[in-house]
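Everything below concerns the one structure shown next.
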Amino acid sequence: MSDVIVETDRLWVRRAVETLEAEGGRSSDTRLIALPLSGFEGIEFYFKDESAHPTGSLKHRLAQSLIVYGICNGLIGPDTVLVEASSGSTAVSEAYYARLLGLKFYAVLPRSTSASKVEAIREHGGHIHFVDDPAAIYQEAQALAERENGYYLDQFTYAERATDWRGTSNIAACLFEQMAQAGHKDPKWMIMSAGTGGTAATIGRYILYNGLSTKLCVPDPEHSAFFDGWVNCDPDAVFPRGSRIEGIGRPRVEPSFVPNVIDAMVKIPDATSIAAAHVLSGLLGRRVGASTGTNFIGMLWAADQMRRNNERGPIATLICDHGERYADTYYSDTWLDQQGFDIAPAKAMIERSIEIGQMAPDLILGRHEKATPVELANNLCTA
Ligand SMILES: *Cc1c(COP(=O)(O)O)cnc(C)c1O
């Protein structure tokens with residue numbers, strides 16, 4: 001490589017990082033919404049609205065971090081083709097940032113990805129490569145990157161390390177700062193479901209780094225390997241079916257899932273997650289995605305734990321994406337019928353739980369806690 005090219009690359013890198021940092025900074029402070037649920041006495045519920053990012057989900061932060069990570073490891077330059085394996089949201093955000101930098105971008109997606117996400121990727125100039133088997137997206141993305149002589153962003157591996165969890169602008173720092181401003185320095189529970197696992201990892205690390213007593217609960221959907229993998233300390237746990245809750249639940253325990261920062265996990269039926277998204281949408285006056293419904297059930301579970309222990313205080317979670325993307329799926333009666341989802345019973349249970357301040361036990365399929373830090377330290381999952 002001649003010096004001239006190296007210099008041009010340096011200039012490109014500097015401009016690219018400046019562009020990404022400026023763009024990330026602009027959108028990092030999303031709103032924190034308080035939602036009173038009067039049945040639960042003395043417990044406050046907070047939602048950080050990550051649907052407000054320009055690309056509509058929390059993946060706006062991740063896409064920026066992954067591309068900065070690739071550039072600063074010398075792996076992305078002005079002519080690099082970017083490739084990602086995604087269930088949709090990450091690819092939407094990466095397509096947005098790729099275009100900002102003038103880079104070509106390919107998304108490798110399961111064929112079941114919602115049409116509006118596919119459309120959004122194309123609108124941002126991204127190219128689509130469909131695969132039939134959701135578990136095959138990783139290999140396909142790797143192979144495509146090799147054929148194109150490109151760079152596989154690999155969110156499932158790099159989400160946890162591309163995110164600057166000690167920094168001041170990551171999701172956890174922003175959320176805890178806003179909670180502190182609302183008068184809650186040490187919230188009781190944080191609830192965050194896992195797709196890559198990266199956001200839960202950032203929150204969990206933030207809690208330990210800052211010496212907080214906040215507990216982290218990860219609610220997991222029905223078809224996902226995370227719950228069993230965590231309960232049994234088994235990084236090789238797999239789940240043969242693809243998740244039906246877009247954005248979360250994986251067929252394998254992803255490398256970005258950091259087990260030892262998690263205090264509790266609950267397993268939640270898909271119909272219940274969807275019902276919870278419907279109920280929460282009614283309470284907020286706007287639609288949220290189904291993974292936010294999963295988070296909401298996690299919140300009800302944590303609130304119920306607090307009730308049993310006579311505790312008071314706040315619980316917080318994220319609105320991961322907005323529900324407009326799912327008008328033809330989770331919010332379509334026809335689609336719900338076709339998929340065999342009857343959400344009415346769960347909806348009634350959720351509404352009743354909120355009213356009386358007690359979670360209906362049938363809302364969850366299972367739960368597991370690692371009770372004390374000592375127990376946790378004696379029972380580390382070593383991957
Ligand atoms: C990715 C995603 C999540 C989970 O976030 P991770 O940091 O990947 O674990 C939740 N909801 C939606 C809609 C997502 O796209």
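Residues in the structure tokens are named by chain (A, B, ... in the order shown) and by number from 1 within that chain; ligands are numbered from 1 in the order shown.
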Could the residues of stretch 21-127 of chain A that have an atom at most 8 Å from stretch 151-159 of chain A be listed as CSV, each with its closest atom pair and the distance in Å to one decimal, counting only C-alpha atoms and ordered by chain and ascending residue number?
```
residue,atom,partner,partner_atom,distance
A:Leu62,CA,A:Ala159,CA,6.7
A:Leu66,CA,A:Leu153,CA,6.5
A:Ile67,CA,A:Leu153,CA,7.3
A:Gly70,CA,A:Leu153,CA,7.4
A:Leu75,CA,A:Tyr151,CA,7.1
A:Ile76,CA,A:Tyr151,CA,6.9
A:Thr80,CA,A:Tyr151,CA,6.7
A:Val81,CA,A:Tyr151,CA,6.2
A:Leu82,CA,A:Tyr151,CA,5.1
A:Val83,CA,A:Tyr152,CA,4.7
A:Glu84,CA,A:Leu153,CA,5.4
A:Ala85,CA,A:Asp154,CA,6.6
```
DSSP on the backbone: which residues in stretch 14-255 of chain A end up as strand (DSSP E or B)? Give the answer as a ChimeraX atom specification.
/A:32-34,43-49,57,82-85,105-110,127-131,151-152,189-191,215-221,238,252
Would you tabulate, counting only C-alpha atoms and all ligand atoms, all residues of chain A that have an atom at most 7 Å from an atom of ligand 1, showing the closest pair of atoms and their distance in Å to one decimal, sorted by chain then ascending number, as JSON lines?
```
{"residue": "A:Ser57", "atom": "CA", "partner": "ligand 1", "partner_atom_place_in_ligand_line": "13 (C)", "distance": 6.3}
{"residue": "A:Leu58", "atom": "CA", "partner": "ligand 1", "partner_atom_place_in_ligand_line": "14 (C)", "distance": 6.5}
{"residue": "A:Lys59", "atom": "CA", "partner": "ligand 1", "partner_atom_place_in_ligand_line": "15 (O)", "distance": 5.9}
{"residue": "A:Ser89", "atom": "CA", "partner": "ligand 1", "partner_atom_place_in_ligand_line": "15 (O)", "distance": 4.8}
{"residue": "A:Thr90", "atom": "CA", "partner": "ligand 1", "partner_atom_place_in_ligand_line": "15 (O)", "distance": 6.4}
{"residue": "A:Ser193", "atom": "CA", "partner": "ligand 1", "partner_atom_place_in_ligand_line": "4 (C)", "distance": 5.8}
{"residue": "A:Ala194", "atom": "CA", "partner": "ligand 1", "partner_atom_place_in_ligand_line": "9 (O)", "distance": 3.5}
{"residue": "A:Gly195", "atom": "CA", "partner": "ligand 1", "partner_atom_place_in_ligand_line": "9 (O)", "distance": 3.6}
{"residue": "A:Thr196", "atom": "CA", "partner": "ligand 1", "partner_atom_place_in_ligand_line": "8 (O)", "distance": 3.6}
{"residue": "A:Gly197", "atom": "CA", "partner": "ligand 1", "partner_atom_place_in_ligand_line": "9 (O)", "distance": 3.4}
{"residue": "A:Gly198", "atom": "CA", "partner": "ligand 1", "partner_atom_place_in_ligand_line": "7 (O)", "distance": 4.0}
{"residue": "A:Thr199", "atom": "CA", "partner": "ligand 1", "partner_atom_place_in_ligand_line": "7 (O)", "distance": 3.6}
{"residue": "A:Ala200", "atom": "CA", "partner": "ligand 1", "partner_atom_place_in_ligand_line": "9 (O)", "distance": 6.1}
{"residue": "A:Glu246", "atom": "CA", "partner": "ligand 1", "partner_atom_place_in_ligand_line": "13 (C)", "distance": 6.1}
{"residue": "A:Gly247", "atom": "CA", "partner": "ligand 1", "partner_atom_place_in_ligand_line": "14 (C)", "distance": 3.6}
{"residue": "A:Ile248", "atom": "CA", "partner": "ligand 1", "partner_atom_place_in_ligand_line": "3 (C)", "distance": 5.2}
{"residue": "A:Gly289", "atom": "CA", "partner": "ligand 1", "partner_atom_place_in_ligand_line": "13 (C)", "distance": 6.4}
{"residue": "A:Ser291", "atom": "CA", "partner": "ligand 1", "partner_atom_place_in_ligand_line": "11 (N)", "distance": 4.9}
{"residue": "A:Thr292", "atom": "CA", "partner": "ligand 1", "partner_atom_place_in_ligand_line": "11 (N)", "distance": 6.6}
{"residue": "A:Cys320", "atom": "CA", "partner": "ligand 1", "partner_atom_place_in_ligand_line": "11 (N)", "distance": 4.6}
{"residue": "A:Asp321", "atom": "CA", "partner": "ligand 1", "partner_atom_place_in_ligand_line": "13 (C)", "distance": 5.0}
```
Please identify all polymer residues within 8 Å of A:Phe227, counting only C-alpha atoms, omitting same-chain residues fewer than 6 positions from it, and present them as a list of chain:residue names.
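The residues that qualify are A:Asp220, A:Met265, A:Val266, A:Lys267.
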Output N, CA and C atoms for every residue in that selection, as an mmCIF file, in the first residue's frame.
```cif
data_model
loop_
_atom_site.group_PDB
_atom_site.id
_atom_site.type_symbol
_atom_site.label_atom_id
_atom_site.label_comp_id
_atom_site.auth_asym_id
_atom_site.auth_seq_id
_atom_site.Cartn_x
_atom_site.Cartn_y
_atom_site.Cartn_z
ATOM 1 N N ASP A 220 -37.398 -13.881 28.666
ATOM 2 C CA ASP A 220 -37.064 -14.549 27.405
ATOM 3 C C ASP A 220 -38.330 -15.136 26.788
ATOM 4 N N MET A 265 -34.174 -14.632 35.381
ATOM 5 C CA MET A 265 -34.779 -14.750 34.048
ATOM 6 C C MET A 265 -36.188 -15.319 34.189
ATOM 7 N N VAL A 266 -37.086 -14.862 33.318
ATOM 8 C CA VAL A 266 -38.425 -15.445 33.267
ATOM 9 C C VAL A 266 -38.715 -15.830 31.826
ATOM 10 N N LYS A 267 -39.470 -16.910 31.659
ATOM 11 C CA LYS A 267 -39.805 -17.381 30.308
ATOM 12 C C LYS A 267 -41.268 -17.075 30.038
#
```
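Nearest-residue note for A:Ser116: choosing from A:Pro259, A:Gly56, A:Leu363, A:Trp189, the minimum distance belongs to A:Gly56, counting only C-alpha atoms.
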What's around A:Ile356 at 7 Å? Count only C-alpha atoms, leave out sequence neighbours fewer than 3 positions away in its own chain, and write the answer as a ChimeraX atom specification.
/A:39,352-353
Next, dump the selected residues to file, keeping only all heavy atoms, as a PDB file, in the first residue's frame.
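This is the output file out.pdb:
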```pdb
ATOM      1  N   GLY A  39     -52.462  -0.333  40.885  1.00  0.00           N
ATOM      2  CA  GLY A  39     -52.617  -1.538  41.695  1.00  0.00           C
ATOM      3  C   GLY A  39     -51.367  -1.873  42.496  1.00  0.00           C
ATOM      4  O   GLY A  39     -51.446  -2.395  43.602  1.00  0.00           O
ATOM      5  N   ARG A 352     -56.099  -7.586  34.738  1.00  0.00           N
ATOM      6  CA  ARG A 352     -56.464  -7.915  36.119  1.00  0.00           C
ATOM      7  C   ARG A 352     -55.233  -7.781  37.048  1.00  0.00           C
ATOM      8  O   ARG A 352     -55.330  -7.246  38.145  1.00  0.00           O
ATOM      9  CB  ARG A 352     -57.019  -9.348  36.153  1.00  0.00           C
ATOM     10  CG  ARG A 352     -57.313  -9.893  37.526  1.00  0.00           C
ATOM     11  CD  ARG A 352     -58.750  -9.639  37.932  1.00  0.00           C
ATOM     12  NE  ARG A 352     -58.972 -10.133  39.288  1.00  0.00           N
ATOM     13  CZ  ARG A 352     -59.545  -9.428  40.241  1.00  0.00           C
ATOM     14  NH1 ARG A 352     -59.981  -8.207  40.009  1.00  0.00           N
ATOM     15  NH2 ARG A 352     -59.717  -9.947  41.447  1.00  0.00           N
ATOM     16  N   SER A 353     -54.083  -8.244  36.587  1.00  0.00           N
ATOM     17  CA  SER A 353     -52.851  -8.150  37.383  1.00  0.00           C
ATOM     18  C   SER A 353     -52.539  -6.692  37.726  1.00  0.00           C
ATOM     19  O   SER A 353     -52.166  -6.377  38.857  1.00  0.00           O
ATOM     20  CB  SER A 353     -51.661  -8.733  36.617  1.00  0.00           C
ATOM     21  OG  SER A 353     -51.882 -10.085  36.302  1.00  0.00           O
TER      22      SER A 353
END
```
Identify all residues of stretch 110-277 of chain A in alpha helix (DSSP H) (DSSP on the backbone) and supply them as a count of residues only.
65
Please identify all polymer residues within 10 Å of A:Asn170, counting only C-alpha atoms, omitting same-chain residues fewer than 5 positions from it, and present them as a tab-separated table (two decimals) with N, CA, C and O atoms, in the first residue's frame.
```tsv
chain	number	residue	atom	x	y	z
A	28	SER	N	-28.90	10.26	21.00
A	28	SER	CA	-28.72	9.32	22.11
A	28	SER	C	-29.69	9.56	23.27
A	28	SER	O	-29.96	8.66	24.03
A	29	ASP	N	-30.18	10.79	23.40
A	29	ASP	CA	-31.01	11.02	24.58
A	29	ASP	C	-32.50	10.90	24.30
A	29	ASP	O	-33.17	11.86	24.00
A	61	ARG	N	-28.38	2.63	18.24
A	61	ARG	CA	-27.13	2.75	19.01
A	61	ARG	C	-26.14	1.67	18.61
A	61	ARG	O	-24.95	1.91	18.43
A	62	LEU	N	-26.65	0.44	18.51
A	62	LEU	CA	-25.77	-0.70	18.22
A	62	LEU	C	-25.12	-0.56	16.85
A	62	LEU	O	-23.92	-0.80	16.70
A	65	SER	N	-22.27	1.78	17.01
A	65	SER	CA	-21.13	1.21	17.74
A	65	SER	C	-20.40	0.14	16.91
A	65	SER	O	-19.17	0.10	16.91
A	163	THR	N	-19.92	-1.96	22.28
A	163	THR	CA	-20.57	-0.92	23.11
A	163	THR	C	-19.63	-0.49	24.22
A	163	THR	O	-19.06	-1.32	24.92
A	164	ASP	N	-19.46	0.81	24.36
A	164	ASP	CA	-18.58	1.36	25.39
A	164	ASP	C	-19.35	1.43	26.71
A	164	ASP	O	-19.92	2.45	27.05
A	165	TRP	N	-19.33	0.32	27.46
A	165	TRP	CA	-20.21	0.23	28.63
A	165	TRP	C	-19.75	1.10	29.80
A	165	TRP	O	-20.50	1.35	30.73
A	175	LEU	N	-29.93	5.86	30.73
A	175	LEU	CA	-31.11	5.44	31.47
A	175	LEU	C	-30.95	5.72	32.98
A	175	LEU	O	-31.84	6.30	33.62
A	199	THR	N	-27.56	-5.34	25.06
A	199	THR	CA	-28.11	-4.28	25.89
A	199	THR	C	-28.18	-4.73	27.35
A	199	THR	O	-27.81	-3.98	28.26
A	202	THR	N	-24.71	-4.52	28.76
A	202	THR	CA	-24.31	-3.14	29.08
A	202	THR	C	-24.95	-2.68	30.38
A	202	THR	O	-24.29	-2.08	31.24
A	203	ILE	N	-26.23	-2.99	30.56
A	203	ILE	CA	-26.93	-2.59	31.79
A	203	ILE	C	-26.33	-3.31	33.00
A	203	ILE	O	-26.04	-2.70	34.03
A	206	TYR	N	-22.90	-2.02	33.84
A	206	TYR	CA	-23.02	-0.68	34.41
A	206	TYR	C	-23.38	-0.77	35.90
A	206	TYR	O	-22.83	-0.05	36.74
```
Skipping near chain neighbours, those fewer than 4 positions away, what residues fall within 7 Å of stretch 299-311 of chain A using only C-alpha atoms, listed as an mmCIF file with N, CA, C and O atoms, in the first residue's frame?
```cif
data_model
loop_
_atom_site.group_PDB
_atom_site.id
_atom_site.type_symbol
_atom_site.label_atom_id
_atom_site.label_comp_id
_atom_site.auth_asym_id
_atom_site.auth_seq_id
_atom_site.Cartn_x
_atom_site.Cartn_y
_atom_site.Cartn_z
ATOM 1 N N ILE A 43 -44.787 1.174 43.911
ATOM 2 C CA ILE A 43 -43.862 0.747 42.859
ATOM 3 C C ILE A 43 -44.073 1.633 41.629
ATOM 4 O O ILE A 43 -45.209 1.853 41.200
ATOM 5 N N TRP A 189 -35.160 -2.685 40.052
ATOM 6 C CA TRP A 189 -35.003 -3.642 38.963
ATOM 7 C C TRP A 189 -34.839 -2.937 37.624
ATOM 8 O O TRP A 189 -35.473 -1.917 37.376
ATOM 9 N N ILE A 191 -35.265 -4.254 33.608
ATOM 10 C CA ILE A 191 -35.795 -5.380 32.848
ATOM 11 C C ILE A 191 -35.369 -5.220 31.395
ATOM 12 O O ILE A 191 -35.644 -4.180 30.788
ATOM 13 N N ASN A 295 -40.828 -7.319 27.743
ATOM 14 C CA ASN A 295 -40.251 -6.521 28.839
ATOM 15 C C ASN A 295 -41.314 -6.166 29.881
ATOM 16 O O ASN A 295 -41.050 -6.179 31.085
ATOM 17 N N ILE A 315 -38.989 0.468 38.932
ATOM 18 C CA ILE A 315 -38.560 -0.546 37.963
ATOM 19 C C ILE A 315 -38.490 0.152 36.602
ATOM 20 O O ILE A 315 -39.382 0.934 36.283
ATOM 21 N N GLN A 358 -51.022 -7.614 41.461
ATOM 22 C CA GLN A 358 -50.519 -8.964 41.708
ATOM 23 C C GLN A 358 -50.431 -9.692 40.371
ATOM 24 O O GLN A 358 -51.425 -9.710 39.647
ATOM 25 N N MET A 359 -49.285 -10.259 40.060
ATOM 26 C CA MET A 359 -49.167 -10.891 38.752
ATOM 27 C C MET A 359 -49.864 -12.248 38.711
ATOM 28 O O MET A 359 -49.633 -13.088 39.583
#
```
At a cut-off of 12 Å, using only C-alpha atoms, what residues contact stretch 326-338 of chain A? Leave out same-chain residues fewer than 4 positions from it and give the result as a PyMOL selection string.
chain A and resi 112-117+244-246+270-279+281+286-291+293+321-322+342-344
Check which residues of stretch 51-121 of chain A sit at most 10 Å from stretch 135-138 of chain A using only C-alpha atoms, and return one row each with the closest pair of atoms and their distance in Å to one decimal, ordered by chain and rising number, as CSV.
```
residue,atom,partner,partner_atom,distance
A:Glu84,CA,A:Tyr138,CA,8.3
A:Ala85,CA,A:Ile137,CA,5.5
A:Ser86,CA,A:Ile137,CA,7.4
A:Ser87,CA,A:Ile137,CA,8.9
A:Ala107,CA,A:Ile137,CA,9.6
A:Val108,CA,A:Ile137,CA,6.1
A:Leu109,CA,A:Ile137,CA,6.5
A:Pro110,CA,A:Ile137,CA,6.9
```
Output all heavy atoms for every residue in that selection, as an mmCIF file, in the first residue's frame.
```cif
data_model
loop_
_atom_site.group_PDB
_atom_site.id
_atom_site.type_symbol
_atom_site.label_atom_id
_atom_site.label_comp_id
_atom_site.auth_asym_id
_atom_site.auth_seq_id
_atom_site.Cartn_x
_atom_site.Cartn_y
_atom_site.Cartn_z
ATOM 1 N N GLU A 84 -24.457 -7.980 7.202
ATOM 2 C CA GLU A 84 -24.951 -8.308 8.545
ATOM 3 C C GLU A 84 -25.988 -9.415 8.492
ATOM 4 O O GLU A 84 -26.761 -9.531 7.544
ATOM 5 C CB GLU A 84 -25.583 -7.070 9.195
ATOM 6 C CG GLU A 84 -26.092 -7.287 10.603
ATOM 7 C CD GLU A 84 -24.992 -7.645 11.626
ATOM 8 O OE1 GLU A 84 -24.415 -8.749 11.519
ATOM 9 O OE2 GLU A 84 -24.723 -6.808 12.503
ATOM 10 N N ALA A 85 -25.995 -10.239 9.547
ATOM 11 C CA ALA A 85 -27.057 -11.213 9.780
ATOM 12 C C ALA A 85 -28.004 -10.571 10.789
ATOM 13 O O ALA A 85 -27.560 -10.115 11.838
ATOM 14 C CB ALA A 85 -26.472 -12.495 10.357
ATOM 15 N N SER A 86 -29.291 -10.544 10.465
ATOM 16 C CA SER A 86 -30.197 -9.765 11.305
ATOM 17 C C SER A 86 -31.605 -10.319 11.219
ATOM 18 O O SER A 86 -31.975 -10.946 10.231
ATOM 19 C CB SER A 86 -30.186 -8.309 10.814
ATOM 20 O OG SER A 86 -31.161 -7.529 11.460
ATOM 21 N N SER A 87 -32.386 -10.096 12.282
ATOM 22 C CA SER A 87 -33.806 -10.407 12.155
ATOM 23 C C SER A 87 -34.554 -9.146 11.753
ATOM 24 O O SER A 87 -35.767 -9.095 11.773
ATOM 25 C CB SER A 87 -34.355 -10.979 13.461
ATOM 26 O OG SER A 87 -34.321 -10.002 14.468
ATOM 27 N N ALA A 107 -27.992 -7.006 3.896
ATOM 28 C CA ALA A 107 -28.625 -7.621 5.061
ATOM 29 C C ALA A 107 -28.989 -9.058 4.727
ATOM 30 O O ALA A 107 -29.642 -9.317 3.710
ATOM 31 C CB ALA A 107 -29.890 -6.852 5.422
ATOM 32 N N VAL A 108 -28.541 -9.993 5.564
ATOM 33 C CA VAL A 108 -28.941 -11.394 5.422
ATOM 34 C C VAL A 108 -30.060 -11.638 6.428
ATOM 35 O O VAL A 108 -29.846 -11.551 7.643
ATOM 36 C CB VAL A 108 -27.750 -12.345 5.665
ATOM 37 C CG1 VAL A 108 -28.193 -13.798 5.571
ATOM 38 C CG2 VAL A 108 -26.630 -12.050 4.675
ATOM 39 N N LEU A 109 -31.262 -11.908 5.922
ATOM 40 C CA LEU A 109 -32.465 -11.945 6.763
ATOM 41 C C LEU A 109 -33.206 -13.271 6.633
ATOM 42 O O LEU A 109 -33.242 -13.850 5.544
ATOM 43 C CB LEU A 109 -33.456 -10.852 6.319
ATOM 44 C CG LEU A 109 -33.004 -9.403 6.214
ATOM 45 C CD1 LEU A 109 -34.121 -8.581 5.589
ATOM 46 C CD2 LEU A 109 -32.646 -8.860 7.581
ATOM 47 N N PRO A 110 -33.857 -13.715 7.723
ATOM 48 C CA PRO A 110 -34.797 -14.832 7.573
ATOM 49 C C PRO A 110 -35.975 -14.383 6.706
ATOM 50 O O PRO A 110 -36.385 -13.217 6.780
ATOM 51 C CB PRO A 110 -35.282 -15.104 9.004
ATOM 52 C CG PRO A 110 -34.445 -14.282 9.905
ATOM 53 C CD PRO A 110 -33.823 -13.194 9.092
#
```
Determine the nearest neighbour of A:Gly25 from the options A:His60, A:Arg250, A:Lys104, A:Lys185, counting only C-alpha atoms.
A:His60
Pick out the closest residue to A:Asn149 from this set: A:Gly77, A:Pro36, A:Phe176, A:Pro54. Count only C-alpha atoms.
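Of all the options, A:Gly77 lies closest to A:Asn149.
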